[in-house]
Amino acid sequence: MDSDIELSDNKHDEVSVDNGQDNNETIEEPKIGMSFSTEEEVRSYYMKYAKHKGFGVRRRNSRQGDDGKVRWFTLVCARQGTPKSQATSFLKPRQTERIGCKARINAILNDEDGYTLSSVILEHTHVCSPEKARHFRCFKKVDARVAKGREINNAAGIRMGKNFKSPIVEAGGNENVSFGEKECRNYIDNAQLRLGVGGAEALRNYFREMHKKNSEFYYEMDVDDDMRCRNVFWADARSRAVYQSFGDVITFDTTYLTNAYEMPFVSFVGVNHHGQSILLGCGLISSEDTQTFEWFFESWLKCMNDQAPNAIITDQNKAMQLAIARVFPNSKHRFCLSHIMKKFPEKFGSHSQYEEIKSTLEKCVYDSSSEQEFEERWFNLLDTYHLHENAWLGSLHSDKRFWVPAYVKDTFWAGMSITQRSESMNAFFDNYVNSKTTLKQFLDQYNSALRRKVENEAVADFNSFNTEIPCISHYPHEKQFQKAYTIAKFKEVQDEFRGFLYLSTSLLGCEGAKYTYAVADEIKVSDEFIKHANFIVALDEDPLEVKCSCKLFEFRGILCRHALRVLALLGKSKLPSKYILDRWRKDIKRKYTFIKSSYEANCNPERQRYDRILNCFYELASNASKTEKSCVKLISQVEQLKIEYLEDNSRCGSNTDKPATSMDGMTTSTSKAFSPLVVQSKKRPPSNKRKMHPAEKDLRKSSTRRLRCCEVESSQLSREDRADEYHESGPQHEAPQTQDQQSQAWTHVPNYFCTSSTAPPLQDQQSQVWTHAPDYFCTPLTIAPLQMQPSRLHLSDPDGGSHDNQLRDLNDGGH
């Protein structure tokens with residue numbers, strides 16, 4: 001039983017890759033009785049005719065027989081049909097291109113398994129514009145050479161706006177390209193889907209590949225009972241090694257990528273000896289509840305060999321606070337102070353005494369040097385402005401030990417806060433992540449960002465060893481820091497020495513070798529405000545020990561100006577080693593520098609091989625282009641190589657083994673994990689059936705059929721008429737295209753090697769067939785006799801001309 005198949009347009013644009021270039025040729029109008037070898041040949045012909053006339057083409061419907069062959073099908077004008085608005089409101093209709101145009105052709109299956117046009121309607125009910133036909137969806141193609149260039153530029157982080165401008169400039173204007181920015185963007189988006197349909201499977205494949213390259217790569221995937229992926233954690237080998245040197249203080253950030261790009265990305269971030277952010281593990285989470293955070297913290301702790309950090313900084317979050325208390329009970333936990341203070345306008349913005357309350361609160365938080373002083377100022381604030389019933393202030397006071405400086409400054413925090421690290425994470429993924437970055441794209445960009453961070457650290461190490469910042473004072477303490485610390489940290493030390501200008505000291509007491517000094521300091525808050533503060537410095541000479549009430553050394557690991565000033569007054573020329581932290585030293589060789597991470601190698605071996613081959617081709621093309629003889633020789637050799645490697649690829653196929661690897665203690669399952677959200681693809685799934693080009697099918701037909709058709713057509717057109725036609729329009733050639741047997745994408749070679757090839761002899765005569773080459777490299781490889789005249793190729797043939805006519809003309813012109 002035959003079945004009717006209604007084929008409707010896709011809702012989204014599909015972008016194809018064009019491996020050749022259309023020629024400007026005279027197109028014969030469709031007529032009833034015109035015959036074609038295949039369905040694809042009919043479509044190709046009508047598309048060329050439509051583009052020449054200036055209208056788009058859609059396939060309307062077809063009927064398929066029991067044997068699977070299409071009995072008939074209809075190609076119509078793109079503006080055929082009645083408009084169907086999908087707008088939610090009839091008062092706001094959407095634009096539509098369908099206005100009921102009747103132009104169409106209908107093709108039916110003939111006795112020779114070809115197709116014959118049974119009905120033709122040429123009249124359109126609208127104006128056709130050949131100059132604007134390139135904007136129709138059916139004609140939008142991304143050139144194969146351009147497509148490869150866009151992929152390379154996209155991998156390099158070039159934004160789509162600039163990425164799209166490159167082929168426009170090269171082609172000499174938008175009118176010379178067959179695609180727009182939207183098609184270029186769609187091609188890049190679709191090109192990133194090659195890892196697979198499921199995001200979870202893409203992650204797992206990525207993790208297995210990384211673990212295969214380096215066994216220290218660690219990952220865990222949390223799945224529910226239905227094998228639906230919930231949470232993911234991973235850390236590369238270098239991050240695990242770095243933690244041994246800089247894992248004393250970390251921040252856990254959940255805000256940057258989530259707020260900016262709606263990606264549930266979370267990360268553990270530390271700081272190295274240059275003050276640069278270092279990634280100590282990251283992942284994707286499905287929710288921000290206590291259970292999720294506990295799973296993530298436990299996975300990270302297991303990855304770091306159960307070595308908990310001394311201190312951890314997070315945003316204010318109850319679920320996170322509970323999870324940290326359970327997983328890291330001995331770690332000092334702190335909220336980011338700036339995040340808390342940023343909430344004040346939201347909580348008190350409508351209060352009549354907003355400015356007064358804000359000023360009093362800031363003094364209470366920032367100027368309290370002790371816990372007792374903070375308590376006194378806090379309750380004075382509540383009493384003065386009658387804020388005892390304010391729930392937000394009540395919750396802050398209950399969590400005071402997590403955020404008030406007077407309570408947390410005794411702990412070493414390496415100078416970190418969530419705000420500083422989040423800003424650094426912003427720079428970390430700058431030019432690598434944008435609002436349209438998919439999960440699969442992020443994996444490649446993640447590796448690129450890590451490589452950049454490693455390079456930045458290497459450059460900072462080089463500068464610290466091979467350059468030097470001159471001292472700004474004659475104090476030996478500064479010289480001691482200059483020799484030991486990295487450039488970045490020595491700059492921080494110099495800031496303290498510059499502060500000597502604003503200090504005044506006075507001796508409060510002396511008991512033997514113990515001194516107590518009062519140090520008055522002028523602190524610049526803004527250009528218009530200088531804050532005066534007093535600090536107490538206690539110094540013991542035996543053994544040498546100094547402490548300041550500002551607690552800068554305990555908090556940041558940098559000795560404060562107040563302590564340095566007292567040491568200078570007492571003539572202490574050398575500091576004890578405990579005041580020069582190994583954490584900031586440049587002369588220590590750390591173990592993680594010997595770790596070779598998996599992301600340091602190119603994660604795309606196919607691209608690496610492509611680049612190696614391309615470099616060889618560039619050199620060959622440069623040498624062979626100097627003379628015509630060497631050019632023709634190289635072209636013929638390349639044509640043979642094209643055939644050879646096309647056959648090799650067809651035999652080898654595209655199957656690759658992906659061994660599954662795992663680590664001890666993994667919670668992942670060997671079965672397939674599904675993505676948290678399943679997104680339907682916009683396109684049909686790829687077919688494994690090989691699409692044969694019409695030219696290839698036509699060449700396989702028997703020679704007897706060619707001769708029979710040749711005799712019929714020879715009576716209709718004389719050799720003189722054909723010669724006149726040739727002189728009027730010139731030879732018309734069209735590029736036969738080849739196709740990979742493993743996919744639906746047309747294969748291609750570098751454009752500067754695309755040229756002509758020699759067709760097999762027909763009736764003991766040699767002919768010349770052009771391949772799909774750009775105009776500036778189309779050089780014919782002529783083997784036929786010199787007196788042979790080229791013939792016009794008619795569009796009724798799939799190659800842009802009839803092989804029957806070609807054979808007849810060769811026989812006539814060869815005498």
# chains A, B, ... in the order shown; residues from 1 in each chain; ligands from 1
$ residues_around --residues "Gly394 in chain A" --least-positions-apart "5" --cutoff "12 Å" --atoms "only C-alpha atoms" --output "PDB file with N, CA, C and O atoms, in the first residue's frame"
ATOM      1  N   TRP A 378      27.079  47.968  68.883  1.00  0.00           N
ATOM      2  CA  TRP A 378      25.916  47.314  68.268  1.00  0.00           C
ATOM      3  C   TRP A 378      24.633  47.620  69.044  1.00  0.00           C
ATOM      4  O   TRP A 378      23.628  48.009  68.455  1.00  0.00           O
ATOM      5  N   PHE A 379      24.692  47.453  70.347  1.00  0.00           N
ATOM      6  CA  PHE A 379      23.482  47.683  71.137  1.00  0.00           C
ATOM      7  C   PHE A 379      23.147  49.172  71.221  1.00  0.00           C
ATOM      8  O   PHE A 379      21.970  49.544  71.341  1.00  0.00           O
ATOM      9  N   LEU A 382      21.067  49.725  68.111  1.00  0.00           N
ATOM     10  CA  LEU A 382      19.689  49.254  68.252  1.00  0.00           C
ATOM     11  C   LEU A 382      18.874  50.180  69.150  1.00  0.00           C
ATOM     12  O   LEU A 382      17.692  50.448  68.864  1.00  0.00           O
ATOM     13  N   LEU A 387      15.739  49.580  66.797  1.00  0.00           N
ATOM     14  CA  LEU A 387      15.822  48.483  65.812  1.00  0.00           C
ATOM     15  C   LEU A 387      15.896  47.109  66.473  1.00  0.00           C
ATOM     16  O   LEU A 387      16.337  46.138  65.848  1.00  0.00           O
ATOM     17  N   HIS A 388      15.441  46.994  67.702  1.00  0.00           N
ATOM     18  CA  HIS A 388      15.509  45.703  68.387  1.00  0.00           C
ATOM     19  C   HIS A 388      14.633  44.643  67.722  1.00  0.00           C
ATOM     20  O   HIS A 388      14.923  43.445  67.825  1.00  0.00           O
ATOM     21  N   GLU A 389      13.583  45.079  67.039  1.00  0.00           N
ATOM     22  CA  GLU A 389      12.666  44.131  66.411  1.00  0.00           C
ATOM     23  C   GLU A 389      13.031  43.814  64.961  1.00  0.00           C
ATOM     24  O   GLU A 389      12.326  43.046  64.303  1.00  0.00           O
ATOM     25  N   ASP A 399      24.943  35.520  63.930  1.00  0.00           N
ATOM     26  CA  ASP A 399      26.048  34.959  63.133  1.00  0.00           C
ATOM     27  C   ASP A 399      27.281  35.850  63.173  1.00  0.00           C
ATOM     28  O   ASP A 399      28.130  35.792  62.269  1.00  0.00           O
ATOM     29  N   LYS A 400      27.452  36.663  64.196  1.00  0.00           N
ATOM     30  CA  LYS A 400      28.524  37.661  64.251  1.00  0.00           C
ATOM     31  C   LYS A 400      29.910  37.033  64.148  1.00  0.00           C
ATOM     32  O   LYS A 400      30.842  37.642  63.610  1.00  0.00           O
TER      33      LYS A 400
END
$ residues_around --residues "Val404 in chain A" --least-positions-apart "4" --cutoff "12 Å" --atoms "only C-alpha atoms" --output "MDAnalysis selection string"
chainID A and resid 333:338 340:341 361:371 373:375 378 396:400 408:410
$ residues_around --residues "Gly415 in chain A" --least-positions-apart "4" --cutoff "10 Å" --atoms "only C-alpha atoms" --output "PyMOL selection string"
chain A and resi 249+271+275+420+552-558
$ select_by_dssp --residues "range 504-611 of chain A" --states "helix (DSSP H, G or I)" --output "ChimeraX atom specification"
/A:552-556,561-569,577-579,582-584,591-594,598-600,605-611
$ residues_around --residues "range 316-329 of chain A" --least-positions-apart "5" --cutoff "10 Å" --atoms "only C-alpha atoms" --output "mmCIF file with C-alpha atoms, in the first residue's frame"
data_model
loop_
_atom_site.group_PDB
_atom_site.id
_atom_site.type_symbol
_atom_site.label_atom_id
_atom_site.label_comp_id
_atom_site.auth_asym_id
_atom_site.auth_seq_id
_atom_site.Cartn_x
_atom_site.Cartn_y
_atom_site.Cartn_z
ATOM 1 C CA PHE A 252 33.603 28.298 47.813
ATOM 2 C CA GLU A 288 21.398 24.747 46.637
ATOM 3 C CA ASP A 289 20.158 22.723 49.585
ATOM 4 C CA THR A 290 22.066 21.213 52.499
ATOM 5 C CA GLN A 291 22.062 17.687 51.043
ATOM 6 C CA THR A 292 23.573 18.854 47.751
ATOM 7 C CA PHE A 293 26.281 20.894 49.461
ATOM 8 C CA GLU A 294 27.148 17.979 51.753
ATOM 9 C CA TRP A 295 27.600 15.657 48.764
ATOM 10 C CA PHE A 296 29.766 18.218 47.021
ATOM 11 C CA PHE A 297 31.960 18.946 50.079
ATOM 12 C CA GLU A 298 32.404 15.249 50.818
ATOM 13 C CA LEU A 301 37.319 16.197 50.701
ATOM 14 C CA GLN A 307 42.706 16.920 54.216
ATOM 15 C CA ALA A 308 40.301 19.691 55.247
ATOM 16 C CA PRO A 309 41.251 23.367 54.816
ATOM 17 C CA ASN A 310 42.120 25.534 57.804
ATOM 18 C CA ALA A 311 39.660 28.215 56.724
ATOM 19 C CA ARG A 334 33.616 33.029 57.437
ATOM 20 C CA PHE A 335 30.999 34.959 55.463
ATOM 21 C CA CYS A 336 32.017 37.579 52.943
ATOM 22 C CA LEU A 337 31.667 40.945 54.677
ATOM 23 C CA HIS A 339 28.179 40.749 50.469
ATOM 24 C CA ILE A 340 26.483 41.359 53.799
ATOM 25 C CA LEU A 396 23.367 39.119 61.637
ATOM 26 C CA ASP A 399 26.048 34.959 63.133
ATOM 27 C CA PHE A 402 31.113 34.394 60.885
ATOM 28 C CA TRP A 403 31.515 37.903 59.488
#
$ residues_around --residues "Lys479 in chain A" --least-positions-apart "5" --cutoff "12 Å" --atoms "only C-alpha atoms" --output "list in words"
Glu468, Ile469, Pro470, Cys471, Ile472, Ser473, His474, Ala484, Tyr485, Phe490, Val493, Gln494, Phe497, Ser573, Lys574 and Leu575 of chain A
$ write_last_selection --atoms "N, CA and C atoms" --output "tab-separated table (two decimals), in the first residue's frame"
chain	number	residue	atom	x	y	z
A	468	GLU	N	63.48	42.76	39.24
A	468	GLU	CA	63.56	43.20	40.63
A	468	GLU	C	62.99	44.60	40.76
A	469	ILE	N	62.21	44.80	41.81
A	469	ILE	CA	61.68	46.14	42.11
A	469	ILE	C	62.62	46.80	43.11
A	470	PRO	N	63.16	47.97	42.80
A	470	PRO	CA	64.10	48.63	43.73
A	470	PRO	C	63.42	48.97	45.05
A	471	CYS	N	64.19	48.98	46.12
A	471	CYS	CA	63.68	49.34	47.43
A	471	CYS	C	63.42	50.85	47.49
A	472	ILE	N	62.44	51.24	48.27
A	472	ILE	CA	62.10	52.65	48.39
A	472	ILE	C	62.61	53.25	49.70
A	473	SER	N	63.25	52.41	50.53
A	473	SER	CA	63.81	52.89	51.79
A	473	SER	C	65.16	52.25	52.01
A	474	HIS	N	65.86	52.72	53.04
A	474	HIS	CA	67.16	52.15	53.37
A	474	HIS	C	67.07	51.12	54.49
A	484	ALA	N	63.26	37.61	49.19
A	484	ALA	CA	62.51	36.39	49.47
A	484	ALA	C	61.18	36.32	48.74
A	485	TYR	N	60.44	37.43	48.65
A	485	TYR	CA	59.06	37.39	48.19
A	485	TYR	C	58.95	37.55	46.67
A	490	PHE	N	55.85	41.44	47.27
A	490	PHE	CA	56.77	42.50	47.66
A	490	PHE	C	56.16	43.88	47.45
A	493	VAL	N	54.24	44.60	50.49
A	493	VAL	CA	55.14	45.00	51.58
A	493	VAL	C	55.55	46.45	51.41
A	494	GLN	N	55.84	46.85	50.19
A	494	GLN	CA	56.24	48.24	49.95
A	494	GLN	C	55.12	49.22	50.27
A	497	PHE	N	55.58	50.07	53.80
A	497	PHE	CA	56.70	51.00	54.03
A	497	PHE	C	56.33	52.42	53.62
A	573	SER	N	67.56	44.91	62.67
A	573	SER	CA	67.93	44.87	61.25
A	573	SER	C	67.51	43.59	60.54
A	574	LYS	N	67.19	42.54	61.30
A	574	LYS	CA	66.84	41.27	60.67
A	574	LYS	C	65.60	40.70	61.32
A	575	LEU	N	64.67	40.29	60.49
A	575	LEU	CA	63.41	39.74	60.97
A	575	LEU	C	63.54	38.24	61.20
$ residues_around --residues "Glu355 in chain A" --least-positions-apart "5" --cutoff "12 Å" --atoms "only C-alpha atoms" --output "PDB file with all heavy atoms, in the first residue's frame"
ATOM      1  N   PHE A 344      22.456  46.092  52.789  1.00  0.00           N
ATOM      2  CA  PHE A 344      21.907  47.131  53.658  1.00  0.00           C
ATOM      3  C   PHE A 344      20.938  48.065  52.920  1.00  0.00           C
ATOM      4  O   PHE A 344      19.855  48.377  53.443  1.00  0.00           O
ATOM      5  CB  PHE A 344      23.046  47.939  54.289  1.00  0.00           C
ATOM      6  CG  PHE A 344      22.587  48.973  55.264  1.00  0.00           C
ATOM      7  CD1 PHE A 344      22.245  48.629  56.565  1.00  0.00           C
ATOM      8  CD2 PHE A 344      22.480  50.304  54.893  1.00  0.00           C
ATOM      9  CE1 PHE A 344      21.812  49.582  57.467  1.00  0.00           C
ATOM     10  CE2 PHE A 344      22.051  51.264  55.776  1.00  0.00           C
ATOM     11  CZ  PHE A 344      21.712  50.899  57.076  1.00  0.00           C
ATOM     12  N   PRO A 345      21.252  48.564  51.711  1.00  0.00           N
ATOM     13  CA  PRO A 345      20.283  49.428  51.005  1.00  0.00           C
ATOM     14  C   PRO A 345      18.951  48.732  50.764  1.00  0.00           C
ATOM     15  O   PRO A 345      17.892  49.370  50.809  1.00  0.00           O
ATOM     16  CB  PRO A 345      21.004  49.758  49.695  1.00  0.00           C
ATOM     17  CG  PRO A 345      22.447  49.610  50.004  1.00  0.00           C
ATOM     18  CD  PRO A 345      22.526  48.472  50.970  1.00  0.00           C
ATOM     19  N   PHE A 348      17.178  48.692  54.351  1.00  0.00           N
ATOM     20  CA  PHE A 348      16.870  49.954  55.023  1.00  0.00           C
ATOM     21  C   PHE A 348      16.718  51.125  54.049  1.00  0.00           C
ATOM     22  O   PHE A 348      16.719  52.276  54.469  1.00  0.00           O
ATOM     23  CB  PHE A 348      17.981  50.292  56.028  1.00  0.00           C
ATOM     24  CG  PHE A 348      17.962  49.453  57.264  1.00  0.00           C
ATOM     25  CD1 PHE A 348      18.673  48.263  57.323  1.00  0.00           C
ATOM     26  CD2 PHE A 348      17.218  49.831  58.369  1.00  0.00           C
ATOM     27  CE1 PHE A 348      18.657  47.483  58.456  1.00  0.00           C
ATOM     28  CE2 PHE A 348      17.194  49.052  59.518  1.00  0.00           C
ATOM     29  CZ  PHE A 348      17.912  47.873  59.564  1.00  0.00           C
ATOM     30  N   GLY A 349      16.615  50.838  52.758  1.00  0.00           N
ATOM     31  CA  GLY A 349      16.543  51.915  51.786  1.00  0.00           C
ATOM     32  C   GLY A 349      15.364  52.842  51.975  1.00  0.00           C
ATOM     33  O   GLY A 349      15.439  54.038  51.668  1.00  0.00           O
ATOM     34  N   SER A 350      14.256  52.354  52.494  1.00  0.00           N
ATOM     35  CA  SER A 350      13.051  53.169  52.682  1.00  0.00           C
ATOM     36  C   SER A 350      12.957  53.788  54.075  1.00  0.00           C
ATOM     37  O   SER A 350      11.988  54.493  54.378  1.00  0.00           O
ATOM     38  CB  SER A 350      11.805  52.313  52.431  1.00  0.00           C
ATOM     39  OG  SER A 350      11.761  51.218  53.335  1.00  0.00           O
ATOM     40  N   THR A 360      26.377  54.731  61.234  1.00  0.00           N
ATOM     41  CA  THR A 360      26.591  54.129  62.555  1.00  0.00           C
ATOM     42  C   THR A 360      26.941  52.640  62.439  1.00  0.00           C
ATOM     43  O   THR A 360      27.818  52.134  63.161  1.00  0.00           O
ATOM     44  CB  THR A 360      25.334  54.301  63.427  1.00  0.00           C
ATOM     45  OG1 THR A 360      24.966  55.684  63.470  1.00  0.00           O
ATOM     46  CG2 THR A 360      25.586  53.799  64.841  1.00  0.00           C
ATOM     47  N   LEU A 361      26.274  51.936  61.531  1.00  0.00           N
ATOM     48  CA  LEU A 361      26.556  50.511  61.346  1.00  0.00           C
ATOM     49  C   LEU A 361      27.970  50.292  60.816  1.00  0.00           C
ATOM     50  O   LEU A 361      28.676  49.366  61.256  1.00  0.00           O
ATOM     51  CB  LEU A 361      25.522  49.898  60.396  1.00  0.00           C
ATOM     52  CG  LEU A 361      25.690  48.407  60.084  1.00  0.00           C
ATOM     53  CD1 LEU A 361      25.542  47.584  61.361  1.00  0.00           C
ATOM     54  CD2 LEU A 361      24.680  47.957  59.037  1.00  0.00           C
ATOM     55  N   GLU A 362      28.411  51.106  59.866  1.00  0.00           N
ATOM     56  CA  GLU A 362      29.762  50.964  59.317  1.00  0.00           C
ATOM     57  C   GLU A 362      30.825  51.202  60.386  1.00  0.00           C
ATOM     58  O   GLU A 362      31.845  50.502  60.433  1.00  0.00           O
ATOM     59  CB  GLU A 362      29.947  51.924  58.142  1.00  0.00           C
ATOM     60  CG  GLU A 362      29.160  51.523  56.901  1.00  0.00           C
ATOM     61  CD  GLU A 362      29.303  52.524  55.777  1.00  0.00           C
ATOM     62  OE1 GLU A 362      29.792  53.660  56.061  1.00  0.00           O
ATOM     63  OE2 GLU A 362      28.937  52.215  54.631  1.00  0.00           O
ATOM     64  N   TYR A 385      18.133  53.856  67.328  1.00  0.00           N
ATOM     65  CA  TYR A 385      17.183  53.913  66.208  1.00  0.00           C
ATOM     66  C   TYR A 385      16.021  52.930  66.381  1.00  0.00           C
ATOM     67  O   TYR A 385      15.279  52.689  65.424  1.00  0.00           O
ATOM     68  CB  TYR A 385      17.930  53.618  64.898  1.00  0.00           C
ATOM     69  CG  TYR A 385      19.046  54.611  64.622  1.00  0.00           C
ATOM     70  CD1 TYR A 385      20.374  54.269  64.865  1.00  0.00           C
ATOM     71  CD2 TYR A 385      18.766  55.885  64.155  1.00  0.00           C
ATOM     72  CE1 TYR A 385      21.400  55.169  64.616  1.00  0.00           C
ATOM     73  CE2 TYR A 385      19.787  56.799  63.907  1.00  0.00           C
ATOM     74  CZ  TYR A 385      21.095  56.434  64.145  1.00  0.00           C
ATOM     75  OH  TYR A 385      22.113  57.348  63.917  1.00  0.00           O
TER      76      TYR A 385
END
$ atom_distance --atom1 "CA of Ala414 in chain A" --atom2 "CA of Asp236 in chain A"
23.2 Å
$ select_by_dssp --residues "range 306-511 of chain A" --states "strand (DSSP E or B)" --output "PyMOL selection string"
chain A and resi 311-314+332-335+485+503-511
$ write_last_selection --atoms "N, CA, C and O atoms" --output "tab-separated table (two decimals), in the first residue's frame"
chain	number	residue	atom	x	y	z
A	311	ALA	N	40.68	27.17	56.74
A	311	ALA	CA	39.66	28.21	56.72
A	311	ALA	C	38.94	28.18	55.39
A	311	ALA	O	39.54	27.85	54.35
A	312	ILE	N	37.66	28.52	55.40
A	312	ILE	CA	36.85	28.53	54.19
A	312	ILE	C	35.94	29.75	54.20
A	312	ILE	O	35.35	30.08	55.24
A	313	ILE	N	35.83	30.41	53.06
A	313	ILE	CA	35.02	31.62	52.92
A	313	ILE	C	33.88	31.32	51.96
A	313	ILE	O	34.08	30.76	50.88
A	314	THR	N	32.67	31.70	52.35
A	314	THR	CA	31.50	31.51	51.49
A	314	THR	C	30.60	32.74	51.59
A	314	THR	O	30.84	33.64	52.40
A	332	LYS	N	37.72	26.90	60.09
A	332	LYS	CA	37.16	28.20	60.42
A	332	LYS	C	36.33	28.68	59.24
A	332	LYS	O	36.81	28.75	58.11
A	333	HIS	N	35.06	29.01	59.51
A	333	HIS	CA	34.14	29.42	58.44
A	333	HIS	C	33.85	30.91	58.58
A	333	HIS	O	33.60	31.40	59.68
A	334	ARG	N	33.84	31.58	57.44
A	334	ARG	CA	33.62	33.03	57.44
A	334	ARG	C	32.73	33.42	56.27
A	334	ARG	O	32.87	32.90	55.16
A	335	PHE	N	31.81	34.38	56.53
A	335	PHE	CA	31.00	34.96	55.46
A	335	PHE	C	31.74	36.14	54.86
A	335	PHE	O	32.54	36.80	55.52
A	485	TYR	N	60.44	37.43	48.65
A	485	TYR	CA	59.06	37.39	48.19
A	485	TYR	C	58.95	37.55	46.67
A	485	TYR	O	59.84	38.09	46.01
A	503	LEU	N	52.50	57.84	59.94
A	503	LEU	CA	52.53	57.27	61.28
A	503	LEU	C	53.22	58.21	62.28
A	503	LEU	O	54.17	58.94	61.93
A	504	SER	N	52.76	58.15	63.48
A	504	SER	CA	53.45	58.81	64.61
A	504	SER	C	53.40	57.85	65.79
A	504	SER	O	52.36	57.25	66.08
A	505	THR	N	54.52	57.66	66.44
A	505	THR	CA	54.63	56.66	67.50
A	505	THR	C	54.97	57.32	68.83
A	505	THR	O	55.61	58.38	68.88
A	506	SER	N	54.57	56.64	69.91
A	506	SER	CA	54.90	57.09	71.26
A	506	SER	C	55.03	55.88	72.17
A	506	SER	O	54.25	54.93	72.05
A	507	LEU	N	56.04	55.90	73.03
A	507	LEU	CA	56.30	54.79	73.93
A	507	LEU	C	55.32	54.83	75.09
A	507	LEU	O	55.24	55.81	75.83
A	508	LEU	N	54.61	53.75	75.30
A	508	LEU	CA	53.66	53.66	76.40
A	508	LEU	C	54.29	53.02	77.64
A	508	LEU	O	53.90	53.34	78.77
A	509	GLY	N	55.23	52.11	77.46
A	509	GLY	CA	55.85	51.47	78.60
A	509	GLY	C	56.95	50.52	78.18
A	509	GLY	O	57.04	50.10	77.03
A	510	CYS	N	57.82	50.23	79.16
A	510	CYS	CA	58.94	49.33	78.88
A	510	CYS	C	59.25	48.56	80.16
A	510	CYS	O	59.49	49.14	81.22
A	511	GLU	N	59.24	47.23	80.03
A	511	GLU	CA	59.58	46.35	81.14
A	511	GLU	C	60.68	45.39	80.69
A	511	GLU	O	60.42	44.39	80.04
$ residues_around --residues "Val76 in chain A" --least-positions-apart "2" --cutoff "9 Å" --atoms "only C-alpha atoms" --output "list in words"
Gly56, Val57, Arg58, Arg59, Arg60, Thr74, Ala78, Arg79, Gln80, Cys101, Lys102, Ala103, Arg104, Ile105 and Asn106 of chain A
$ write_last_selection --atoms "N, CA, C and O atoms" --output "CSV table (one decimal), in the first residue's frame"
chain,number,residue,atom,x,y,z
A,56,GLY,N,12.2,31.1,-3.4
A,56,GLY,CA,12.7,30.0,-2.6
A,56,GLY,C,11.9,28.7,-3.0
A,56,GLY,O,10.9,28.7,-3.6
A,57,VAL,N,12.4,27.6,-2.5
A,57,VAL,CA,11.8,26.3,-2.8
A,57,VAL,C,11.6,25.5,-1.5
A,57,VAL,O,12.4,25.5,-0.6
A,58,ARG,N,10.4,24.8,-1.4
A,58,ARG,CA,10.1,23.9,-0.4
A,58,ARG,C,9.6,22.6,-1.0
A,58,ARG,O,9.1,22.6,-2.1
A,59,ARG,N,9.8,21.5,-0.3
A,59,ARG,CA,9.2,20.2,-0.7
A,59,ARG,C,7.9,20.1,-0.1
A,59,ARG,O,7.8,20.1,1.2
A,60,ARG,N,6.8,20.0,-0.8
A,60,ARG,CA,5.4,20.0,-0.3
A,60,ARG,C,5.0,18.7,0.2
A,60,ARG,O,4.7,18.5,1.4
A,74,THR,N,6.3,16.7,-4.9
A,74,THR,CA,6.1,18.0,-5.3
A,74,THR,C,7.0,19.0,-4.7
A,74,THR,O,7.2,19.0,-3.5
A,78,ALA,N,8.5,28.7,-2.0
A,78,ALA,CA,8.5,28.9,-0.6
A,78,ALA,C,7.3,29.7,-0.1
A,78,ALA,O,7.0,29.6,1.1
A,79,ARG,N,6.7,30.5,-0.9
A,79,ARG,CA,5.5,31.3,-0.5
A,79,ARG,C,4.2,30.6,-0.8
A,79,ARG,O,3.2,31.3,-0.8
A,80,GLN,N,4.2,29.3,-1.1
A,80,GLN,CA,3.0,28.5,-1.3
A,80,GLN,C,2.4,28.3,0.1
A,80,GLN,O,3.0,28.3,1.1
A,101,CYS,N,1.1,31.2,-3.2
A,101,CYS,CA,1.7,31.2,-4.5
A,101,CYS,C,1.5,29.8,-5.1
A,101,CYS,O,1.6,28.7,-4.4
A,102,LYS,N,1.2,29.7,-6.4
A,102,LYS,CA,0.8,28.4,-7.1
A,102,LYS,C,2.0,27.8,-7.8
A,102,LYS,O,1.9,26.6,-8.3
A,103,ALA,N,3.1,28.5,-7.9
A,103,ALA,CA,4.3,27.9,-8.7
A,103,ALA,C,4.7,26.6,-8.1
A,103,ALA,O,5.0,26.5,-6.9
A,104,ARG,N,4.9,25.6,-9.0
A,104,ARG,CA,5.3,24.3,-8.5
A,104,ARG,C,5.7,23.4,-9.6
A,104,ARG,O,5.4,23.7,-10.8
A,105,ILE,N,6.4,22.3,-9.3
A,105,ILE,CA,6.6,21.2,-10.3
A,105,ILE,C,6.3,19.9,-9.6
A,105,ILE,O,6.4,19.8,-8.3
A,106,ASN,N,5.8,18.9,-10.4
A,106,ASN,CA,5.5,17.6,-9.8
A,106,ASN,C,6.2,16.6,-10.6
A,106,ASN,O,6.2,16.6,-11.9
$ atom_distance --atom1 "CA of Pro83 in chain A" --atom2 "CA of Val70 in chain A"
27.8 Å
